[in-house]
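Engineer: Got my_file_30.txt for you, compact mmCIF, C-alpha atoms:
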# COMPACT_ATOMS: atom_id res chain seq x y z
CA MET S 1 9.71 -13.71 -8.02
CA ASP S 2 6.73 -12.59 -6.02
CA MET S 3 5.65 -10.60 -3.02
CA LYS S 4 2.48 -10.06 -1.07
CA ILE S 5 1.15 -6.75 0.24
CA GLY S 6 -1.94 -7.22 2.34
CA GLN S 7 -4.15 -9.59 0.37
CA THR S 8 -2.65 -8.61 -3.00
CA MET S 9 -0.14 -10.98 -4.59
CA ILE S 10 2.27 -9.58 -7.19
CA THR S 11 4.44 -11.94 -9.25
CA PHE S 12 6.94 -11.21 -11.97
CA VAL S 13 6.30 -13.70 -14.77
CA HIS S 14 9.29 -14.20 -17.04
CA ASP S 15 8.85 -14.21 -20.81
CA GLY S 16 12.47 -14.02 -21.98
CA GLU S 17 15.58 -11.91 -21.80
CA VAL S 18 17.74 -9.66 -23.92
CA ARG S 19 21.54 -9.49 -23.65
CA GLY S 20 23.81 -6.96 -25.30
CA ASP S 21 26.65 -4.47 -25.09
CA PRO S 22 25.86 -2.23 -22.11
CA GLN S 23 27.20 0.82 -23.90
CA SER S 24 24.88 0.06 -26.81
CA PHE S 25 21.95 0.02 -24.40
CA PHE S 26 23.17 3.16 -22.58
CA PRO S 27 25.37 5.24 -24.93
CA GLY S 28 28.39 6.73 -23.19
CA SER S 29 27.82 4.82 -19.94
CA ASP S 30 30.69 3.75 -17.67
CA TRP S 31 29.95 0.44 -15.92
CA THR S 32 33.10 0.31 -13.79
CA ALA S 33 31.10 0.76 -10.58
CA HIS S 34 28.37 -1.62 -11.73
CA ALA S 35 30.29 -4.61 -13.13
CA ASP S 36 28.35 -6.90 -10.79
CA LEU S 37 25.25 -6.21 -12.90
CA LEU S 38 26.88 -7.62 -16.06
CA ASP S 39 27.19 -11.28 -17.01
CA ASP S 40 30.46 -13.21 -17.23
CA THR S 41 31.07 -11.93 -20.76
CA GLY S 42 30.49 -8.29 -19.84
CA GLN S 43 27.03 -8.07 -21.38
CA ALA S 44 24.05 -6.36 -19.84
CA VAL S 45 21.08 -8.63 -19.11
CA ALA S 46 17.53 -7.35 -19.34
CA ASN S 47 14.64 -9.54 -18.28
CA VAL S 48 11.36 -9.21 -20.15
CA GLY S 49 7.98 -10.25 -18.84
CA SER S 50 4.79 -9.22 -17.05
CA PHE S 51 3.67 -8.49 -13.53
CA LEU S 52 0.75 -10.66 -12.47
CA ILE S 53 -1.45 -9.01 -9.85
CA ARG S 54 -4.01 -11.19 -8.08
CA THR S 55 -6.66 -9.66 -5.82
CA ASP S 56 -10.05 -10.83 -4.62
CA ALA S 57 -11.65 -8.93 -7.50
CA HIS S 58 -9.22 -9.16 -10.42
CA VAL S 59 -6.48 -11.06 -12.22
CA ILE S 60 -4.33 -8.39 -13.83
CA LEU S 61 -1.23 -8.32 -16.01
CA VAL S 62 1.01 -5.28 -16.28
CA ASP S 63 2.64 -5.42 -19.73
CA LEU S 64 2.71 -8.31 -22.18
CA GLY S 65 6.32 -9.24 -22.87
CA LEU S 66 7.94 -10.30 -26.13
CA GLY S 67 5.12 -12.45 -27.47
CA PRO S 68 5.03 -15.77 -29.36
CA GLY S 69 8.26 -17.68 -28.81
CA GLY S 70 8.51 -16.40 -25.25
CA ALA S 71 7.68 -18.30 -22.08
CA LEU S 72 4.95 -16.09 -20.59
CA LEU S 73 1.96 -18.36 -21.18
CA ASP S 74 3.82 -21.45 -19.94
CA ASN S 75 4.97 -19.62 -16.83
CA LEU S 76 1.48 -18.33 -16.14
CA ALA S 77 0.17 -21.88 -16.46
CA ALA S 78 2.75 -23.03 -13.91
CA LEU S 79 1.22 -20.47 -11.53
CA GLY S 80 -2.25 -21.85 -12.16
CA THR S 81 -3.34 -18.93 -14.34
CA SER S 82 -4.83 -19.45 -17.79
CA PRO S 83 -5.25 -16.73 -20.44
CA ALA S 84 -9.01 -16.78 -19.80
CA ASP S 85 -8.44 -15.96 -16.10
CA VAL S 86 -6.94 -12.54 -16.90
CA ASP S 87 -9.60 -9.84 -16.92
CA LEU S 88 -7.43 -6.71 -17.13
CA VAL S 89 -4.16 -5.78 -18.84
CA LEU S 90 -2.40 -2.53 -17.92
CA LEU S 91 0.25 -1.24 -20.31
CA THR S 92 3.06 1.01 -19.12
CA HIS S 93 3.77 1.88 -22.77
CA LEU S 94 3.57 0.32 -26.21
CA HIS S 95 7.14 -0.61 -27.12
CA ARG S 96 7.18 -3.99 -28.81
CA ASP S 97 8.71 -5.85 -25.85
CA HIS S 98 5.77 -4.79 -23.66
CA VAL S 99 2.88 -5.72 -25.97
CA GLY S 100 4.01 -8.97 -27.59
CA TRP S 101 1.22 -11.18 -26.22
CA ALA S 102 -1.58 -8.81 -27.26
CA GLY S 103 -4.57 -10.89 -28.30
CA ALA S 104 -3.65 -13.86 -26.08
CA PHE S 105 -6.08 -12.98 -23.27
CA PRO S 106 -9.61 -13.27 -24.60
CA ARG S 107 -11.48 -11.79 -21.61
CA ALA S 108 -9.09 -8.96 -20.83
CA ARG S 109 -9.75 -5.28 -21.25
CA HIS S 110 -6.53 -3.46 -22.16
CA LEU S 111 -5.86 -0.07 -20.57
CA VAL S 112 -3.20 2.41 -21.69
CA GLU S 113 -2.56 6.14 -21.40
CA ARG S 114 -4.47 7.94 -24.15
CA ARG S 115 -1.48 9.93 -25.45
CA GLU S 116 0.50 6.70 -25.74
CA TRP S 117 -2.21 5.09 -27.83
CA ASP S 118 -2.66 8.14 -30.04
CA PHE S 119 1.09 8.41 -30.67
CA TRP S 120 1.68 4.79 -31.68
CA SER S 121 -1.55 4.55 -33.64
CA ALA S 122 -0.22 7.36 -35.81
CA CYS S 123 3.40 6.06 -35.86
CA PRO S 124 3.28 2.24 -35.77
CA GLY S 125 6.22 -0.09 -36.34
CA GLY S 126 9.87 0.39 -35.43
CA VAL S 127 10.28 -0.05 -31.67
CA GLY S 128 6.51 0.30 -31.30
CA PRO S 129 3.65 -2.16 -31.72
CA ASP S 130 3.33 -4.26 -34.84
CA PRO S 131 0.68 -2.50 -36.95
CA GLU S 132 -0.75 -5.72 -38.39
CA ARG S 133 -0.73 -8.07 -35.38
CA VAL S 134 -0.57 -6.02 -32.18
CA LEU S 135 -2.46 -2.78 -32.81
CA PRO S 136 -5.68 -4.50 -33.98
CA ALA S 137 -5.50 -6.93 -31.04
CA LEU S 138 -5.21 -4.07 -28.56
CA ALA S 139 -7.92 -2.01 -30.22
CA GLY S 140 -10.41 -4.86 -29.86
CA ASP S 141 -11.13 -4.09 -26.18
CA LEU S 142 -9.25 -0.89 -25.40
CA GLY S 143 -9.74 1.53 -22.55
CA PHE S 144 -7.82 4.32 -20.89
CA LEU S 145 -6.50 4.94 -17.40
CA ASP S 146 -9.66 6.48 -15.99
CA GLU S 147 -10.91 2.87 -15.67
CA LEU S 148 -8.32 1.62 -13.16
CA PRO S 149 -9.62 -0.59 -10.35
CA ALA S 150 -9.31 0.22 -6.65
CA GLY S 151 -5.80 -0.30 -5.35
CA ILE S 152 -4.00 0.73 -8.56
CA ARG S 153 -3.06 4.30 -9.41
CA ALA S 154 -1.43 5.60 -12.59
CA ILE S 155 1.76 7.62 -12.05
CA PRO S 156 2.55 9.57 -15.25
CA THR S 157 6.22 9.10 -16.16
CA PRO S 158 6.56 10.31 -19.78
CA GLY S 159 9.96 10.58 -21.43
CA HIS S 160 10.83 7.05 -22.45
CA THR S 161 7.70 7.31 -24.58
CA PRO S 162 5.17 10.17 -24.81
CA GLY S 163 2.59 8.49 -22.57
CA HIS S 164 4.74 6.21 -20.44
CA THR S 165 3.02 5.36 -17.15
CA SER S 166 4.10 3.61 -13.96
CA PHE S 167 1.56 1.91 -11.69
CA LEU S 168 1.35 2.21 -7.90
CA ILE S 169 -0.22 -0.83 -6.22
CA THR S 170 -1.64 -0.56 -2.73
CA ASP S 171 -3.71 -2.72 -0.40
CA PRO S 172 -5.82 -1.58 2.56
CA GLY S 173 -4.22 -4.23 4.75
CA THR S 174 -0.76 -2.64 4.77
CA ASP S 175 1.17 0.62 4.38
CA GLU S 176 3.64 -1.15 2.10
CA ARG S 177 3.15 -0.55 -1.62
CA VAL S 178 4.68 -1.49 -4.96
CA LEU S 179 5.51 0.82 -7.85
CA VAL S 180 5.77 -1.00 -11.19
CA LEU S 181 8.25 1.19 -13.05
CA GLY S 182 7.84 0.07 -16.65
CA ASP S 183 10.88 1.42 -18.50
CA LEU S 184 11.45 4.39 -16.21
CA LEU S 185 14.53 2.42 -15.09
CA HIS S 186 16.02 -0.42 -17.12
CA THR S 187 18.75 -1.42 -14.65
CA ARG S 188 19.51 -1.01 -10.96
CA ALA S 189 22.58 1.00 -12.00
CA GLN S 190 20.21 3.88 -12.75
CA PHE S 191 19.48 4.27 -9.05
CA ASP S 192 22.90 5.93 -9.00
CA GLU S 193 23.31 6.92 -12.65
CA LEU S 194 20.25 9.09 -13.23
CA ALA S 195 21.78 10.72 -16.28
CA TRP S 196 22.13 7.46 -18.22
CA GLN S 197 20.02 7.56 -21.36
CA PHE S 198 18.52 4.36 -22.70
CA ARG S 199 18.94 4.13 -26.46
CA SER S 200 15.22 4.21 -27.23
CA ASP S 201 14.25 7.06 -24.89
CA ASP S 202 11.97 9.38 -26.84
CA ASP S 203 12.83 12.45 -24.74
CA PRO S 204 15.98 11.72 -22.72
CA ALA S 205 15.95 14.92 -20.68
CA ARG S 206 12.35 14.37 -19.66
CA ALA S 207 13.05 10.75 -18.80
CA ARG S 208 15.92 11.85 -16.52
CA ARG S 209 13.65 14.33 -14.73
CA GLN S 210 11.04 11.61 -14.23
CA ARG S 211 13.62 9.21 -12.75
CA ALA S 212 14.82 11.87 -10.33
CA GLY S 213 11.28 12.74 -9.30
CA VAL S 214 10.21 9.14 -8.77
CA LEU S 215 13.27 8.24 -6.69
CA THR S 216 12.80 11.36 -4.57
CA ARG S 217 9.12 10.58 -4.04
CA PHE S 218 9.08 6.81 -3.71
CA ARG S 219 12.35 5.75 -2.09
CA ASP S 220 10.54 6.44 1.13
CA GLY S 221 11.09 3.36 3.26
CA ARG S 222 7.80 1.70 2.34
CA THR S 223 7.66 1.44 -1.45
CA VAL S 224 9.03 -1.56 -3.34
CA LEU S 225 10.24 -0.57 -6.81
CA ALA S 226 9.48 -3.24 -9.41
CA GLY S 227 11.52 -3.25 -12.61
CA GLY S 228 10.56 -5.71 -15.32
CA HIS S 229 13.94 -5.33 -17.02
CA PHE S 230 16.02 -5.66 -13.85
CA ALA S 231 18.46 -8.56 -13.96
CA GLY S 232 17.72 -11.11 -11.26
CA ASP S 233 14.95 -10.25 -8.82
CA ALA S 234 12.44 -7.77 -10.25
CA PHE S 235 11.66 -6.29 -6.82
CA GLU S 236 13.90 -3.69 -5.16
CA PRO S 237 13.18 -3.53 -1.40
CA PRO S 238 12.12 -0.26 0.21
CA ALA S 239 14.98 2.13 0.84
CA PRO S 240 15.32 5.69 2.17
CA ARG S 241 15.88 8.48 -0.28
CA PRO S 242 19.50 8.21 -1.43
CA ALA S 243 21.98 10.83 -2.53
CA VAL S 244 22.29 9.83 -6.19
CA ARG S 245 24.91 10.86 -8.69
CA GLY S 246 23.56 12.97 -11.51
CA ALA S 247 20.64 14.48 -9.59
CA SER S 248 22.26 17.93 -9.35
CA ALA S 249 22.35 18.19 -13.14
CA LEU S 250 18.60 17.66 -13.53
So, in terms of structure tokens, how does the structure I just supplied come out?
Structural biologist:
Amino acid sequence: MDMKIGQTMITFVHDGEVRGDPQSFFPGSDWTAHADLLDDTGQAVANVGSFLIRTDAHVILVDLGLGPGGALLDNLAALGTSPADVDLVLLTHLHRDHVGWAGAFPRARHLVERREWDFWSACPGGVGPDPERVLPALAGDLGFLDELPAGIRAIPTPGHTPGHTSFLITDPGTDERVLVLGDLLHTRAQFDELAWQFRSDDDPARARRQRAGVLTRFRDGRTVLAGGHFAGDAFEPPAPRPAVRGASAL
């Protein structure tokens, strides 16, 4: 799964997947209108992986998947990218399924929102980064989002976690752009079902407001929305601003 905007190539690199009861993922959700997003047994499917961004100046990963046991490194190798090629890792947040390969990229500087780092440094474990394996690996070459390279802008989207961040990717050769959502949306069903709460949302009401704001701002006819947990293709083509159920309650 890849796309090119100008001279920037963006590829979703699969690490693994998670399947489960959709109402466990989204408590109280009704999937009647979204049965096409479930597998043949009625389970929800969530991909897990990283977005590889290749420019003339950088080889970048956004998020680091599940970690050892996953397929990320093998799939990067199939694309001709070795761990030593990656010079920058951007982290949307520090849940364990987004930081699993921390320490695998020896040249990479790791950038994360400062509040996100401060929160999980004080409250490690659980759904957050492993305090013995992941946190020290990240801390080894850690920076914050004031160091982003040209062509990438941080879009604050807190709610799923305290410092959750989405990343807007642009290229001077085109008006088209890509917004890597992180866990702002976990499924395409949330384009319609803004009120659905994911089970690990830290602040569900804030997360809903962020979803509404992002869809209002970026479903603008020129922005591709990239969801690392979307089943199937990670890239949602540009679309005009829709009338979405649940927006009036936000």
Engineer: Show which residues sit within 8 Å of His186 in chain S, as a count of residues only. Count only C-alpha atoms, and ignore same-chain residues fewer than 5 positions away.
Structural biologist: 6
Engineer: Excluding range 98-113 of chain S and residues on its chain fewer than 5 positions from it, collect all residues at most 10 Å away from it, counting only C-alpha atoms, and give them as a VMD selection string.
Structural biologist: chain S and resid 15 48 to 50 59 to 70 72 to 73 82 to 93 118 128 to 130 133 to 148 154 156 162 to 165 182 to 183 228
Engineer: From the list S:Gln197, S:Leu225, S:Pro237, S:Leu184, which residue is nearest Leu168 in chain S when using all atoms listed in the file?
Structural biologist: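 Counting all atoms listed in the file, the residue closest to Leu168 in chain S is S:Leu225.
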Engineer: Can you pull out the residues contacting Arg217 in chain S? Cut-off 12 Å, using all atoms listed in the file, and skip same-chain residues under 5 positions away; I want them as a list in words.
Structural biologist: Ile155, Leu179, Gln210, Arg211, Ala212, Arg222, Thr223, Leu225, Ala239, Pro240, Arg241 and Pro242 of chain S
Engineer: Which neighbours of Ala35 in chain S fall inside 10 Å, counting all atoms listed in the file, when residues of the same chain fewer than 6 positions from it are skipped, and could you give them as a ChimeraX atom specification?
Structural biologist: /S:42-44,189
Engineer: Write a file of the just-selected residues containing C-alpha atoms, as a PDB file, in the coordinates of the input.
Structural biologist:
ATOM      1  CA  GLY S  42      30.490  -8.290 -19.840  1.00  0.00           C
ATOM      2  CA  GLN S  43      27.030  -8.070 -21.380  1.00  0.00           C
ATOM      3  CA  ALA S  44      24.050  -6.360 -19.840  1.00  0.00           C
ATOM      4  CA  ALA S 189      22.580   1.000 -12.000  1.00  0.00           C
TER       5      ALA S 189
END
Engineer: Which is closest to Asp56 in chain S among S:Val180, S:Ala195, S:Met3, S:Ala150, if we use only C-alpha atoms?
Structural biologist: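 Distance minimum relative to Asp56 in chain S lands on S:Ala150.
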Engineer: Between S:Glu236, S:Ser121, S:His160, S:Ser29, which is the closest to Asp203 in chain S once you count all atoms listed in the file?
Structural biologist: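 Of S:Glu236, S:Ser121, S:His160, S:Ser29, the one nearest Asp203 in chain S, counting all atoms listed in the file, is S:His160.
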Engineer: Restricting the calculation to only C-alpha atoms, which member of S:Gly80, S:Pro149, S:Pro131, S:Gly232 is positioned closest to Thr187 in chain S?
Structural biologist: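 Selected residue with least distance to Thr187 in chain S: S:Gly232.
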Engineer: Considering only C-alpha atoms, can you say which of S:Ala122, S:Asn47, S:Leu52, S:Pro158 comes closest to Pro204 in chain S?
Structural biologist: S:Pro158
Engineer: With all atoms listed in the file as the atoms that count, which of S:Val45, S:Val178, S:Ala234, S:Leu194 lies nearest to Ile5 in chain S?
Structural biologist: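 For Ile5 in chain S, the nearest of the candidates is S:Val178.
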Engineer: Select all residues near (1.3, -0.3, 3.0) (cut-off 8 Å, inclusive, file coordinates), counting only C-alpha atoms, and output them as a list in words.
Structural biologist: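 Protein, DNA and RNA residues close to (1.3, -0.3, 3.0): Ile5, Gly6, Thr170, Asp171, Pro172, Gly173, Thr174, Asp175, Glu176, Arg177, Arg222 and Thr223 of chain S.
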Engineer: Between CA of Gly151 in chain S and CA of Asp2 in chain S, what distance in Å does the model show, to one decimal?
Structural biologist: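 Pair CA of Gly151 in chain S / CA of Asp2 in chain S returns 17.6 Å.
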Engineer: Could you work out how far CA of Val127 in chain S lies from CA of Ile10 in chain S, giving the answer in Å with one decimal?
Structural biologist: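 Atom-to-atom, CA of Ile10 in chain S and CA of Val127 in chain S are spaced 27.5 Å apart.
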Engineer: How many Å separate CA of Gly16 in chain S from CA of Leu76 in chain S?
Structural biologist: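 Between CA of Gly16 in chain S and CA of Leu76 in chain S the gap works out to 13.2 Å.
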Engineer: Would you fill out range 99-125 of chain S with N, CA and C atoms and return it as an mmCIF file, in the frame of the given file?
Structural biologist:
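Written file, part37.cif:
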data_model
loop_
_atom_site.group_PDB
_atom_site.id
_atom_site.type_symbol
_atom_site.label_atom_id
_atom_site.label_comp_id
_atom_site.auth_asym_id
_atom_site.auth_seq_id
_atom_site.Cartn_x
_atom_site.Cartn_y
_atom_site.Cartn_z
ATOM 1 N N VAL S 99 4.223 -5.453 -25.412
ATOM 2 C CA VAL S 99 2.880 -5.720 -25.970
ATOM 3 C C VAL S 99 2.838 -7.002 -26.789
ATOM 4 N N GLY S 100 3.868 -7.846 -26.672
ATOM 5 C CA GLY S 100 4.010 -8.970 -27.590
ATOM 6 C C GLY S 100 2.900 -9.992 -27.532
ATOM 7 N N TRP S 101 2.273 -10.175 -26.351
ATOM 8 C CA TRP S 101 1.220 -11.180 -26.220
ATOM 9 C C TRP S 101 -0.178 -10.570 -26.378
ATOM 10 N N ALA S 102 -0.263 -9.395 -26.993
ATOM 11 C CA ALA S 102 -1.580 -8.810 -27.260
ATOM 12 C C ALA S 102 -2.426 -9.793 -28.058
ATOM 13 N N GLY S 103 -3.666 -9.955 -27.635
ATOM 14 C CA GLY S 103 -4.570 -10.890 -28.300
ATOM 15 C C GLY S 103 -4.616 -12.254 -27.664
ATOM 16 N N ALA S 104 -3.719 -12.523 -26.693
ATOM 17 C CA ALA S 104 -3.650 -13.860 -26.080
ATOM 18 C C ALA S 104 -4.602 -14.031 -24.903
ATOM 19 N N PHE S 105 -5.251 -12.942 -24.470
ATOM 20 C CA PHE S 105 -6.080 -12.980 -23.270
ATOM 21 C C PHE S 105 -7.505 -12.579 -23.632
ATOM 22 N N PRO S 106 -8.340 -13.553 -23.928
ATOM 23 C CA PRO S 106 -9.610 -13.270 -24.600
ATOM 24 C C PRO S 106 -10.618 -12.479 -23.781
ATOM 25 N N ARG S 107 -10.520 -12.511 -22.446
ATOM 26 C CA ARG S 107 -11.480 -11.790 -21.610
ATOM 27 C C ARG S 107 -10.973 -10.430 -21.164
ATOM 28 N N ALA S 108 -9.729 -10.107 -21.461
ATOM 29 C CA ALA S 108 -9.090 -8.960 -20.830
ATOM 30 C C ALA S 108 -9.413 -7.653 -21.550
ATOM 31 N N ARG S 109 -9.724 -6.650 -20.751
ATOM 32 C CA ARG S 109 -9.750 -5.280 -21.250
ATOM 33 C C ARG S 109 -8.332 -4.727 -21.118
ATOM 34 N N HIS S 110 -7.886 -3.991 -22.133
ATOM 35 C CA HIS S 110 -6.530 -3.460 -22.160
ATOM 36 C C HIS S 110 -6.584 -1.948 -21.930
ATOM 37 N N LEU S 111 -5.861 -1.481 -20.921
ATOM 38 C CA LEU S 111 -5.860 -0.070 -20.570
ATOM 39 C C LEU S 111 -4.474 0.535 -20.787
ATOM 40 N N VAL S 112 -4.449 1.726 -21.388
ATOM 41 C CA VAL S 112 -3.200 2.410 -21.690
ATOM 42 C C VAL S 112 -3.462 3.913 -21.621
ATOM 43 N N GLU S 113 -2.420 4.686 -21.404
ATOM 44 C CA GLU S 113 -2.560 6.140 -21.400
ATOM 45 C C GLU S 113 -2.960 6.617 -22.795
ATOM 46 N N ARG S 114 -3.900 7.535 -22.857
ATOM 47 C CA ARG S 114 -4.470 7.940 -24.150
ATOM 48 C C ARG S 114 -3.416 8.516 -25.095
ATOM 49 N N ARG S 115 -2.513 9.352 -24.571
ATOM 50 C CA ARG S 115 -1.480 9.930 -25.450
ATOM 51 C C ARG S 115 -0.577 8.853 -26.040
ATOM 52 N N GLU S 116 -0.327 7.808 -25.258
ATOM 53 C CA GLU S 116 0.500 6.700 -25.740
ATOM 54 C C GLU S 116 -0.182 6.008 -26.918
ATOM 55 N N TRP S 117 -1.466 5.737 -26.757
ATOM 56 C CA TRP S 117 -2.210 5.090 -27.830
ATOM 57 C C TRP S 117 -2.266 5.965 -29.072
ATOM 58 N N ASP S 118 -2.552 7.239 -28.892
ATOM 59 C CA ASP S 118 -2.660 8.140 -30.040
ATOM 60 C C ASP S 118 -1.333 8.245 -30.789
ATOM 61 N N PHE S 119 -0.221 8.292 -30.032
ATOM 62 C CA PHE S 119 1.090 8.410 -30.670
ATOM 63 C C PHE S 119 1.404 7.191 -31.521
ATOM 64 N N TRP S 120 1.280 5.987 -30.944
ATOM 65 C CA TRP S 120 1.680 4.790 -31.680
ATOM 66 C C TRP S 120 0.661 4.389 -32.732
ATOM 67 N N SER S 121 -0.579 4.792 -32.576
ATOM 68 C CA SER S 121 -1.550 4.550 -33.640
ATOM 69 C C SER S 121 -1.186 5.336 -34.894
ATOM 70 N N ALA S 122 -0.619 6.527 -34.680
ATOM 71 C CA ALA S 122 -0.220 7.360 -35.810
ATOM 72 C C ALA S 122 1.173 7.012 -36.330
ATOM 73 N N CYS S 123 2.008 6.360 -35.483
ATOM 74 C CA CYS S 123 3.400 6.060 -35.860
ATOM 75 C C CYS S 123 3.729 4.617 -35.537
ATOM 76 N N PRO S 124 3.053 3.648 -36.125
ATOM 77 C CA PRO S 124 3.280 2.240 -35.770
ATOM 78 C C PRO S 124 4.611 1.732 -36.321
ATOM 79 N N GLY S 125 5.004 0.544 -35.845
ATOM 80 C CA GLY S 125 6.220 -0.090 -36.340
ATOM 81 C C GLY S 125 7.450 0.382 -35.585
#
